[in-house]
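Single-structure report; data block below.
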Amino acid sequence: MSRPLPFPELVEERLPNGAVAVAARRPGVPLAAVRLLVAAGAGLDPRGAFGLGNLAALAAHRGTRRRSGRKVDDAVESLGAELASGCDEDASWFGLSAPAEHLPRLLDLVVEVATEPSFPAAEVARLRRRELAGLTHLLDDPGAVADRAILSAVLGDHPYGHPPDGRAAHLRRLSRGAVAGFHRRWYAPAATSLVVVGDVSPDEVLRLARRRLGRWRPRAEAAPELPAPAAAARSVLVVDKPDLTQTQIRIGCSALPRRTPAYFAAVVANAAFGGGFTSRLVDAIRVNRGLSYGVHSRFEMSRAGGTFSISSFTKNESAAELVEVALAEARRFADGGPTDEELSRARAWLAGMFPLSLETHGQVADKIADLRLYGTDVSEITGYRERVAAVTAEECREVARRHFPLDGGAIVAVGPARSVARALERFGPVTVAAPEAMI
Amino acid sequence: MPRSPERILDLDRVVAETLDNGLRVRVLEERSAPTVSCYTFYQVGSRNERPGLTGISHLFEHMMFNGAAKYGPKEFDRVLESQGGHSNAYTSNDVTAYYEEFAAEALPTVLDLESDRMRSLAIAPDTLEQERAVVKEERRLRSENSVFGIMEEQLGGLVFQAHPYRWPIIGWMDDIERISREDCLAWFRVYYAPGNAALYVVGDVDARETLEQVRRAYGDIPAGPPVPPVPAAEPPQRGERRAVVHYPAQAPALLAGWRAPAARDPDAYVLDVVQAALSMGESSRLRRRLVEEMELAVSLHVGYAWRRDPGVFMVFAELAPGVGPERAERALLREIERVAVAGISAAELRRAQRLLRSAVLHELATHGGVAHALGEAEALAGDFHQAGEALERYARVAPRDVRRAAGAWLDAARRSVVVLEPEAPRERR
């Protein structure tokens, strides 16, 4: 095995208010990556208010007690940084990549928008209009429509069963008060991690964190643990887009949470089945049959649960053939697992690729943020290659048997219903929906 | 106060050599991560094609993964992945670039794989048919079922009347169907010879040793025939050009383009600054005005990719549902005209320069980013050293440069505009 992974030493401190600051020095490019993460995400969106957490994260940098959103933009961008914020199912986050010499000022700004937003009513209303318009445009992106459709088809009523950017009908009703309320209720210091990685002094970062983040003492509550999603029976959904010449396909089912003893087995099984460019799926669908330009599978693992999904696209006439081949490959993998050659190739590929996911300050900061969010151990990073190398074919087979869409799970096709719906009936009861129902 | 230029990338450390067969080799030791990035740039893209054969550069890129004399069909990626690496490639108007990223121990294997396909690519009839089907799916994905893809093809035909940049890189569907095995063999013979290629190795390697390995792997490949010149003429544009696209989209969209400086033109750096001032960040000119203040657009992007010959500076706006395209177009073009006439403020210039500096530093933070930057600078601007100059060149742009270059290039009489007008979808089932 090659040289040890160059993972930086983490300097960590729990501040008096319960927030955690983590700093890591990485010499080289004179930049610093900043991530501020609050363990409160779209999984906490109330029923009928899907998109609330995301709107709160976006609106937070549209104004604070001290400056307008425009002043925030001017301050951040005039220092050569761009501030991004958003929300996934488990967390709300703020991030930027700062020229190292401007770190103190930029760190102040990140903490300020996350902890002291004023949510100006006009700005919240404007963002709501922009998000709604964005969802409308999304209907022109068949792949994005398919991604939204499979999420709901697999997870249904579970709190993870809606996309973080929400539903148009709900967004229209979200008030400024609801947005501010989400922040007041869930943005708790004990749920907050500040991560800084780069050409910086960890002592200096911790000093800044104590001064700016350590004094934040809101009255927020701890987020509840969510239940695990249930498995769903087989369903087929056709989202009717009559003018498409190509159908987007998704096949998915509920699968594993991020903290699971089967984590590395799932990583290796997915690599062999549909992760790498020489995986079973690519071979069967692209190389041997020319059915698609791209096909892949993935596990999405969150705190309370996750999904496994297969994604591809093909000309309308071959939509059913593609589904047939993908399901047959899933079954074959669950029955026999990877061959010795496939297993060793997948393990070598993952081990070789892993250092490439630790090249930039931002990548390292994201990995550290994930450690904080999921409570996983740093040895999952530093010992990644050894852990991957220890996975057996039987463990991969077991993952596939338990977590691939073999008999249950959902199939989604976004394309012209008149061309694809009937052909898909052989896989299960077909429902046809309008694309507007996906936003 | 004059400051010494910032040097992030020390290109004096690049070991550069041209082999007897013409292959240019550039190696840079970078020990920060135990990985290596290897790029091979072939100086061929859609620019080298002709009507009837559009898309062959890109289809050929796919064929390069389908077997050669030593490593047969399916073996390229299997061998590479089994050694902890991965590969991919892209085709542009000007180049076809192949890359591998891998654990340092795999370097000899990678050189063996890359030199094998340069020496002895096999173009089997059945794999050609399979890749043709794959590429047709790629065209359906990116061009036929994408609002931007449809509009970009129209814009190419407006901005260029004679130059090969007028057709899309992926080619027209009829041409993709027509390209023959003989066409591919000829393409390989002419454009994939070592004299038309350059190899960049960046990462955890010993530069001298690597050079020796490259000589051993590639030295016996014969130099190829001379590459035919490209008919690069383009008549001057003397007035606005327009196209309307009808498509069942949710809302209108606008795509405006201007012929823009080639990579070798010093104005290329200035136009990068203009691009950043107009659209990088929430406080950029166009995003603040059209997205935030007037709420005419939902998203706004300015694209300016460097090319060998004068390329395109383009502005793409997805409009808010209900907004009339005429009103949005007037507002958009008014902002561009303001920059063309009056330039930008000193604060806007400083902001754009700082954002570009961060972007360059990001690019140079990875081995792959450095290798690609070297290759692109050499392929497009003629010298890999230019990759190390970006920080200094951006820092040197003055307000008067912006005013002059924007006035010269973003002239109303030289623009082309594509408007997407939504039409009702076909009846649903």
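Convention: chains lettered A, B, ... in structure tokens order; per-chain residue numbering from 1; ligands numbered from 1 as shown.
Residues surrounding Asp10 of chain B within 10 Å are Leu28, His385 and Gly388 of chain B [only C-alpha atoms; sequence separation below 5 positions excluded].
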Counting only C-alpha atoms, collect the residues of chain B whose closest atom lies at most 7 Å from chain A, and write them out as a VMD selection string.
chain B and resid 33 to 34 77 to 78 81 to 85 102 to 103 130 to 131 133 to 135 137 to 138 140 145 to 146 249 to 251 281 to 283 298 320 to 321 351 354 to 355 358 361 365 to 366 425 to 429
Counting only C-alpha atoms, figure out which residue out of B:Asp204, B:Pro164, B:Arg189, B:Asp20 gets nearest to Tyr218 of chain B.
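Using only C-alpha atoms, the shortest distance to Tyr218 of chain B belongs to B:Asp20.
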Quick one: everything within 8 Å of Ala262 of chain B, counting only C-alpha atoms, minus sequence neighbours fewer than 5 positions away in the same chain. Send it as JSON, numbers by chain.
{"B": [268, 306, 307, 308, 309, 310, 311]}
Requested write-out: N, CA and C atoms of the selected residues, as a compact mmCIF listing (two decimals), in the first residue's frame:
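Final output, again-v5.txt:
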```txt
# COMPACT_ATOMS: atom_id res chain seq x y z
N ALA B 268 -7.92 38.24 -23.67
CA ALA B 268 -8.60 37.08 -23.06
C ALA B 268 -8.67 37.26 -21.55
N TRP B 306 -11.84 29.92 -23.23
CA TRP B 306 -10.75 30.23 -24.15
C TRP B 306 -10.69 29.20 -25.28
N ARG B 307 -10.44 29.69 -26.49
CA ARG B 307 -10.29 28.79 -27.63
C ARG B 307 -9.09 29.23 -28.47
N ARG B 308 -8.68 28.34 -29.39
CA ARG B 308 -7.53 28.68 -30.25
C ARG B 308 -7.84 29.86 -31.14
N ASP B 309 -9.01 29.83 -31.77
CA ASP B 309 -9.44 30.95 -32.61
C ASP B 309 -10.47 31.74 -31.81
N PRO B 310 -10.80 32.95 -32.27
CA PRO B 310 -11.79 33.72 -31.52
C PRO B 310 -13.07 32.90 -31.27
N GLY B 311 -13.49 32.85 -30.02
CA GLY B 311 -14.63 32.01 -29.63
C GLY B 311 -15.85 32.84 -29.31
```
If you run DSSP over the backbone, which residues in segment 235-346 of chain A end up helix (DSSP H, G or I)? Put them as number ranges by chain.
A: 263-275, 280-287, 316-336, 340-346
Same residues, N, CA and C atoms, saved as a short mmCIF file (atom, residue, chain, number, x, y, z; two decimals), in the first residue's frame:
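Produced file part.cif, reproduced below:
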```cif
data_model
loop_
_atom_site.label_atom_id
_atom_site.label_comp_id
_atom_site.auth_asym_id
_atom_site.auth_seq_id
_atom_site.Cartn_x
_atom_site.Cartn_y
_atom_site.Cartn_z
N TYR A 263 -21.31 -0.33 6.60
CA TYR A 263 -20.94 0.81 5.77
C TYR A 263 -19.92 0.45 4.69
N PHE A 264 -18.81 -0.15 5.09
CA PHE A 264 -17.76 -0.42 4.10
C PHE A 264 -18.17 -1.51 3.12
N ALA A 265 -18.96 -2.48 3.61
CA ALA A 265 -19.47 -3.50 2.68
C ALA A 265 -20.37 -2.85 1.63
N ALA A 266 -21.18 -1.87 2.06
CA ALA A 266 -22.07 -1.19 1.11
C ALA A 266 -21.26 -0.38 0.09
N VAL A 267 -20.21 0.26 0.56
CA VAL A 267 -19.35 1.05 -0.33
C VAL A 267 -18.73 0.15 -1.41
N VAL A 268 -18.21 -1.00 -0.98
CA VAL A 268 -17.55 -1.89 -1.93
C VAL A 268 -18.57 -2.55 -2.86
N ALA A 269 -19.69 -2.99 -2.29
CA ALA A 269 -20.72 -3.64 -3.11
C ALA A 269 -21.19 -2.67 -4.20
N ASN A 270 -21.42 -1.42 -3.82
CA ASN A 270 -21.90 -0.45 -4.80
C ASN A 270 -20.84 -0.19 -5.88
N ALA A 271 -19.58 -0.12 -5.47
CA ALA A 271 -18.52 0.12 -6.45
C ALA A 271 -18.51 -0.98 -7.50
N ALA A 272 -18.64 -2.22 -7.05
CA ALA A 272 -18.59 -3.34 -7.99
C ALA A 272 -19.85 -3.41 -8.84
N PHE A 273 -20.98 -3.06 -8.23
CA PHE A 273 -22.25 -3.21 -8.95
C PHE A 273 -22.51 -2.03 -9.90
N GLY A 274 -22.34 -0.80 -9.40
CA GLY A 274 -22.71 0.32 -10.27
C GLY A 274 -21.97 1.61 -9.97
N GLY A 275 -20.82 1.50 -9.31
CA GLY A 275 -20.09 2.71 -8.94
C GLY A 275 -19.04 3.11 -9.95
N ARG A 280 -20.66 -3.75 -13.01
CA ARG A 280 -21.64 -4.61 -13.68
C ARG A 280 -22.64 -3.81 -14.51
N LEU A 281 -23.19 -2.75 -13.91
CA LEU A 281 -24.24 -1.99 -14.61
C LEU A 281 -23.70 -1.32 -15.86
N VAL A 282 -22.53 -0.70 -15.76
CA VAL A 282 -21.97 -0.01 -16.94
C VAL A 282 -21.70 -1.03 -18.03
N ASP A 283 -21.17 -2.16 -17.63
CA ASP A 283 -20.86 -3.20 -18.60
C ASP A 283 -22.14 -3.67 -19.32
N ALA A 284 -23.17 -3.96 -18.51
CA ALA A 284 -24.39 -4.54 -19.09
C ALA A 284 -25.15 -3.51 -19.92
N ILE A 285 -25.24 -2.28 -19.44
CA ILE A 285 -26.13 -1.30 -20.07
C ILE A 285 -25.44 -0.45 -21.12
N ARG A 286 -24.23 0.02 -20.81
CA ARG A 286 -23.55 0.88 -21.78
C ARG A 286 -22.65 0.08 -22.73
N VAL A 287 -21.76 -0.70 -22.15
CA VAL A 287 -20.73 -1.34 -23.00
C VAL A 287 -21.32 -2.46 -23.85
N ASN A 316 -36.66 6.41 -25.80
CA ASN A 316 -37.94 5.96 -25.27
C ASN A 316 -38.22 4.48 -25.57
N GLU A 317 -37.85 4.04 -26.77
CA GLU A 317 -38.18 2.68 -27.17
C GLU A 317 -37.51 1.63 -26.29
N SER A 318 -36.36 1.99 -25.68
CA SER A 318 -35.65 0.95 -24.92
C SER A 318 -35.78 1.13 -23.40
N ALA A 319 -36.75 1.95 -22.95
CA ALA A 319 -36.90 2.19 -21.51
C ALA A 319 -37.14 0.88 -20.75
N ALA A 320 -38.06 0.06 -21.22
CA ALA A 320 -38.38 -1.17 -20.50
C ALA A 320 -37.20 -2.14 -20.53
N GLU A 321 -36.49 -2.18 -21.65
CA GLU A 321 -35.33 -3.07 -21.74
C GLU A 321 -34.27 -2.67 -20.71
N LEU A 322 -34.07 -1.37 -20.55
CA LEU A 322 -33.07 -0.90 -19.59
C LEU A 322 -33.47 -1.32 -18.16
N VAL A 323 -34.74 -1.15 -17.82
CA VAL A 323 -35.21 -1.55 -16.48
C VAL A 323 -35.01 -3.06 -16.29
N GLU A 324 -35.38 -3.80 -17.30
CA GLU A 324 -35.25 -5.26 -17.24
C GLU A 324 -33.79 -5.67 -16.96
N VAL A 325 -32.88 -5.07 -17.72
CA VAL A 325 -31.46 -5.42 -17.56
C VAL A 325 -30.97 -5.02 -16.16
N ALA A 326 -31.34 -3.83 -15.70
CA ALA A 326 -30.86 -3.36 -14.40
C ALA A 326 -31.37 -4.27 -13.28
N LEU A 327 -32.65 -4.63 -13.34
CA LEU A 327 -33.20 -5.50 -12.28
C LEU A 327 -32.58 -6.89 -12.33
N ALA A 328 -32.34 -7.39 -13.53
CA ALA A 328 -31.72 -8.71 -13.65
C ALA A 328 -30.30 -8.68 -13.09
N GLU A 329 -29.57 -7.60 -13.34
CA GLU A 329 -28.21 -7.48 -12.81
C GLU A 329 -28.23 -7.39 -11.28
N ALA A 330 -29.22 -6.66 -10.74
CA ALA A 330 -29.33 -6.56 -9.28
C ALA A 330 -29.56 -7.94 -8.67
N ARG A 331 -30.46 -8.69 -9.31
CA ARG A 331 -30.76 -10.05 -8.82
C ARG A 331 -29.52 -10.94 -8.91
N ARG A 332 -28.84 -10.87 -10.02
CA ARG A 332 -27.65 -11.71 -10.23
C ARG A 332 -26.58 -11.38 -9.18
N PHE A 333 -26.43 -10.10 -8.87
CA PHE A 333 -25.42 -9.69 -7.89
C PHE A 333 -25.83 -10.16 -6.49
N ALA A 334 -27.13 -10.07 -6.19
CA ALA A 334 -27.61 -10.50 -4.88
C ALA A 334 -27.48 -12.01 -4.72
N ASP A 335 -27.63 -12.74 -5.82
CA ASP A 335 -27.51 -14.20 -5.76
C ASP A 335 -26.06 -14.64 -5.64
N GLY A 336 -25.19 -14.02 -6.42
CA GLY A 336 -23.82 -14.55 -6.51
C GLY A 336 -22.73 -13.65 -5.94
N ASP A 340 -14.21 -12.82 -7.60
CA ASP A 340 -12.96 -12.43 -6.91
C ASP A 340 -12.30 -11.26 -7.64
N GLU A 341 -12.32 -11.35 -8.97
CA GLU A 341 -11.66 -10.30 -9.77
C GLU A 341 -12.41 -8.97 -9.60
N GLU A 342 -13.72 -9.02 -9.62
CA GLU A 342 -14.51 -7.79 -9.44
C GLU A 342 -14.29 -7.19 -8.05
N LEU A 343 -14.24 -8.08 -7.06
CA LEU A 343 -14.06 -7.60 -5.69
C LEU A 343 -12.70 -6.92 -5.54
N SER A 344 -11.67 -7.56 -6.04
CA SER A 344 -10.35 -6.98 -5.83
C SER A 344 -10.20 -5.69 -6.65
N ARG A 345 -10.83 -5.63 -7.83
CA ARG A 345 -10.78 -4.39 -8.62
C ARG A 345 -11.52 -3.26 -7.90
N ALA A 346 -12.70 -3.57 -7.36
CA ALA A 346 -13.48 -2.54 -6.67
C ALA A 346 -12.72 -2.02 -5.45
#
```
Which residues are close to segment 396-399 of chain B, i.e. within 9 Å by only C-alpha atoms, leaving aside same-chain residues fewer than 2 positions away? Reply as an mmCIF file with C-alpha atoms, in the first residue's frame.
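Once written, selection34.cif looks like this:
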```
data_model
loop_
_atom_site.group_PDB
_atom_site.id
_atom_site.type_symbol
_atom_site.label_atom_id
_atom_site.label_comp_id
_atom_site.auth_asym_id
_atom_site.auth_seq_id
_atom_site.Cartn_x
_atom_site.Cartn_y
_atom_site.Cartn_z
ATOM 1 C CA TYR B 269 -7.602 37.969 -19.489
ATOM 2 C CA VAL B 270 -9.589 41.185 -19.631
ATOM 3 C CA VAL B 273 -12.405 39.903 -15.609
ATOM 4 C CA GLY B 343 -16.493 50.056 -18.081
ATOM 5 C CA ILE B 344 -16.782 49.037 -14.417
ATOM 6 C CA SER B 345 -15.965 50.778 -11.150
ATOM 7 C CA ALA B 346 -12.683 50.351 -9.314
ATOM 8 C CA LEU B 349 -12.711 45.512 -10.704
ATOM 9 C CA GLN B 353 -9.859 40.230 -9.508
ATOM 10 C CA LEU B 391 -2.696 35.473 -11.129
ATOM 11 C CA GLU B 392 -0.355 38.186 -12.286
ATOM 12 C CA ARG B 393 -2.207 38.865 -15.539
ATOM 13 C CA TYR B 394 -5.557 39.280 -13.783
ATOM 14 C CA ASP B 401 -8.420 47.893 -20.161
ATOM 15 C CA VAL B 402 -11.932 46.775 -19.235
ATOM 16 C CA ARG B 403 -13.513 49.770 -20.909
ATOM 17 C CA ARG B 404 -11.497 49.326 -24.095
#
```
Give me the residues near Pro429 of chain A as a VMD selection string, where near means some atom within 10 Å (using only C-alpha atoms) and where sequence neighbours in that chain fewer than 6 positions away do not count.
chain A and resid 234 to 237
With C-alpha atoms retained, could you export that selection as a PDB file, in the first residue's frame?
```pdb
ATOM      1  CA  ARG A 234     -43.057  -2.464  -5.815  1.00  0.00           C
ATOM      2  CA  SER A 235     -44.519   0.531  -7.642  1.00  0.00           C
ATOM      3  CA  VAL A 236     -44.005   2.052 -11.085  1.00  0.00           C
ATOM      4  CA  LEU A 237     -44.470   5.770 -11.671  1.00  0.00           C
TER       5      LEU A 237
END
```
Shell around Ala168 of chain A at 7 Å using only C-alpha atoms, local window under 3 positions removed, as a list of chain:residue names:
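Once the nearby chain positions are removed, what remains is A:Leu132, A:Leu171, A:Arg172, A:Ile439.
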Selected residues, N, CA and C atoms, written as an mmCIF file, in the first residue's frame, please.
```
data_model
loop_
_atom_site.group_PDB
_atom_site.id
_atom_site.type_symbol
_atom_site.label_atom_id
_atom_site.label_comp_id
_atom_site.auth_asym_id
_atom_site.auth_seq_id
_atom_site.Cartn_x
_atom_site.Cartn_y
_atom_site.Cartn_z
ATOM 1 N N LEU A 132 -39.621 29.430 -6.046
ATOM 2 C CA LEU A 132 -40.775 28.933 -6.804
ATOM 3 C C LEU A 132 -40.477 28.946 -8.300
ATOM 4 N N LEU A 171 -44.282 26.131 -0.407
ATOM 5 C CA LEU A 171 -43.457 27.347 -0.419
ATOM 6 C C LEU A 171 -44.329 28.601 -0.498
ATOM 7 N N ARG A 172 -45.381 28.520 -1.307
ATOM 8 C CA ARG A 172 -46.247 29.692 -1.484
ATOM 9 C C ARG A 172 -46.816 30.162 -0.153
ATOM 10 N N ILE A 439 -43.235 18.859 -8.285
ATOM 11 C CA ILE A 439 -42.716 20.041 -7.593
ATOM 12 C C ILE A 439 -43.748 20.537 -6.592
#
```
Near Trp172 of chain B, counting only C-alpha atoms, which residues have an atom at most 8 Å away, once you skip same-chain residues fewer than 3 positions from it, shown as a PyMOL selection string?
chain B and resi 54-55+167-168+175-176
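Between atom CA of Leu271 of chain B and atom CA of Val339 of chain B the separation is 11.5 Å.
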Taking only segment 112-334 of chain B into account, list the residues labelled strand (DSSP E or B) by DSSP (computed from the backbone), as a PyMOL selection string.
chain B and resi 121+197-203+241-247+253-260+297-304+311-319
Can you write just those residues out, C-alpha atoms, as a PDB file, in the first residue's frame?
```
ATOM      1  CA  LEU B 121      -5.719   1.447 -31.398  1.00  0.00           C
ATOM      2  CA  ALA B 197       0.056  15.220 -28.747  1.00  0.00           C
ATOM      3  CA  ALA B 198       1.417  16.355 -25.408  1.00  0.00           C
ATOM      4  CA  LEU B 199       1.681  14.428 -22.144  1.00  0.00           C
ATOM      5  CA  TYR B 200       1.482  16.062 -18.691  1.00  0.00           C
ATOM      6  CA  VAL B 201       2.373  14.179 -15.508  1.00  0.00           C
ATOM      7  CA  VAL B 202       1.878  15.959 -12.178  1.00  0.00           C
ATOM      8  CA  GLY B 203       2.135  14.502  -8.680  1.00  0.00           C
ATOM      9  CA  ARG B 241     -28.205  38.300 -35.735  1.00  0.00           C
ATOM     10  CA  ARG B 242     -31.233  36.603 -34.166  1.00  0.00           C
ATOM     11  CA  ALA B 243     -32.931  33.241 -33.861  1.00  0.00           C
ATOM     12  CA  VAL B 244     -36.154  32.147 -32.177  1.00  0.00           C
ATOM     13  CA  VAL B 245     -36.602  28.666 -30.737  1.00  0.00           C
ATOM     14  CA  HIS B 246     -40.056  27.242 -30.029  1.00  0.00           C
ATOM     15  CA  TYR B 247     -39.983  24.499 -27.418  1.00  0.00           C
ATOM     16  CA  ALA B 253     -34.926  31.980 -21.855  1.00  0.00           C
ATOM     17  CA  LEU B 254     -32.346  34.217 -23.514  1.00  0.00           C
ATOM     18  CA  LEU B 255     -28.915  33.410 -24.862  1.00  0.00           C
ATOM     19  CA  ALA B 256     -26.782  36.240 -26.225  1.00  0.00           C
ATOM     20  CA  GLY B 257     -23.311  35.815 -27.676  1.00  0.00           C
ATOM     21  CA  TRP B 258     -20.462  37.872 -29.064  1.00  0.00           C
ATOM     22  CA  ARG B 259     -17.374  36.718 -30.934  1.00  0.00           C
ATOM     23  CA  ALA B 260     -14.637  36.955 -28.316  1.00  0.00           C
ATOM     24  CA  ALA B 297     -34.271  36.175 -14.397  1.00  0.00           C
ATOM     25  CA  VAL B 298     -34.164  33.131 -12.132  1.00  0.00           C
ATOM     26  CA  SER B 299     -30.613  32.256 -13.038  1.00  0.00           C
ATOM     27  CA  LEU B 300     -27.916  34.004 -14.976  1.00  0.00           C
ATOM     28  CA  HIS B 301     -24.624  32.683 -16.302  1.00  0.00           C
ATOM     29  CA  VAL B 302     -21.863  34.258 -18.343  1.00  0.00           C
ATOM     30  CA  GLY B 303     -19.588  31.850 -20.175  1.00  0.00           C
ATOM     31  CA  TYR B 304     -16.338  32.630 -21.884  1.00  0.00           C
ATOM     32  CA  GLY B 311     -14.628  32.015 -29.629  1.00  0.00           C
ATOM     33  CA  VAL B 312     -17.826  33.145 -27.902  1.00  0.00           C
ATOM     34  CA  PHE B 313     -18.627  35.310 -24.896  1.00  0.00           C
ATOM     35  CA  MET B 314     -22.142  34.239 -23.935  1.00  0.00           C
ATOM     36  CA  VAL B 315     -24.813  35.272 -21.471  1.00  0.00           C
ATOM     37  CA  PHE B 316     -27.585  32.816 -20.611  1.00  0.00           C
ATOM     38  CA  ALA B 317     -30.651  33.814 -18.608  1.00  0.00           C
ATOM     39  CA  GLU B 318     -33.556  31.640 -17.544  1.00  0.00           C
ATOM     40  CA  LEU B 319     -36.420  34.088 -17.111  1.00  0.00           C
TER      41      LEU B 319
END
```
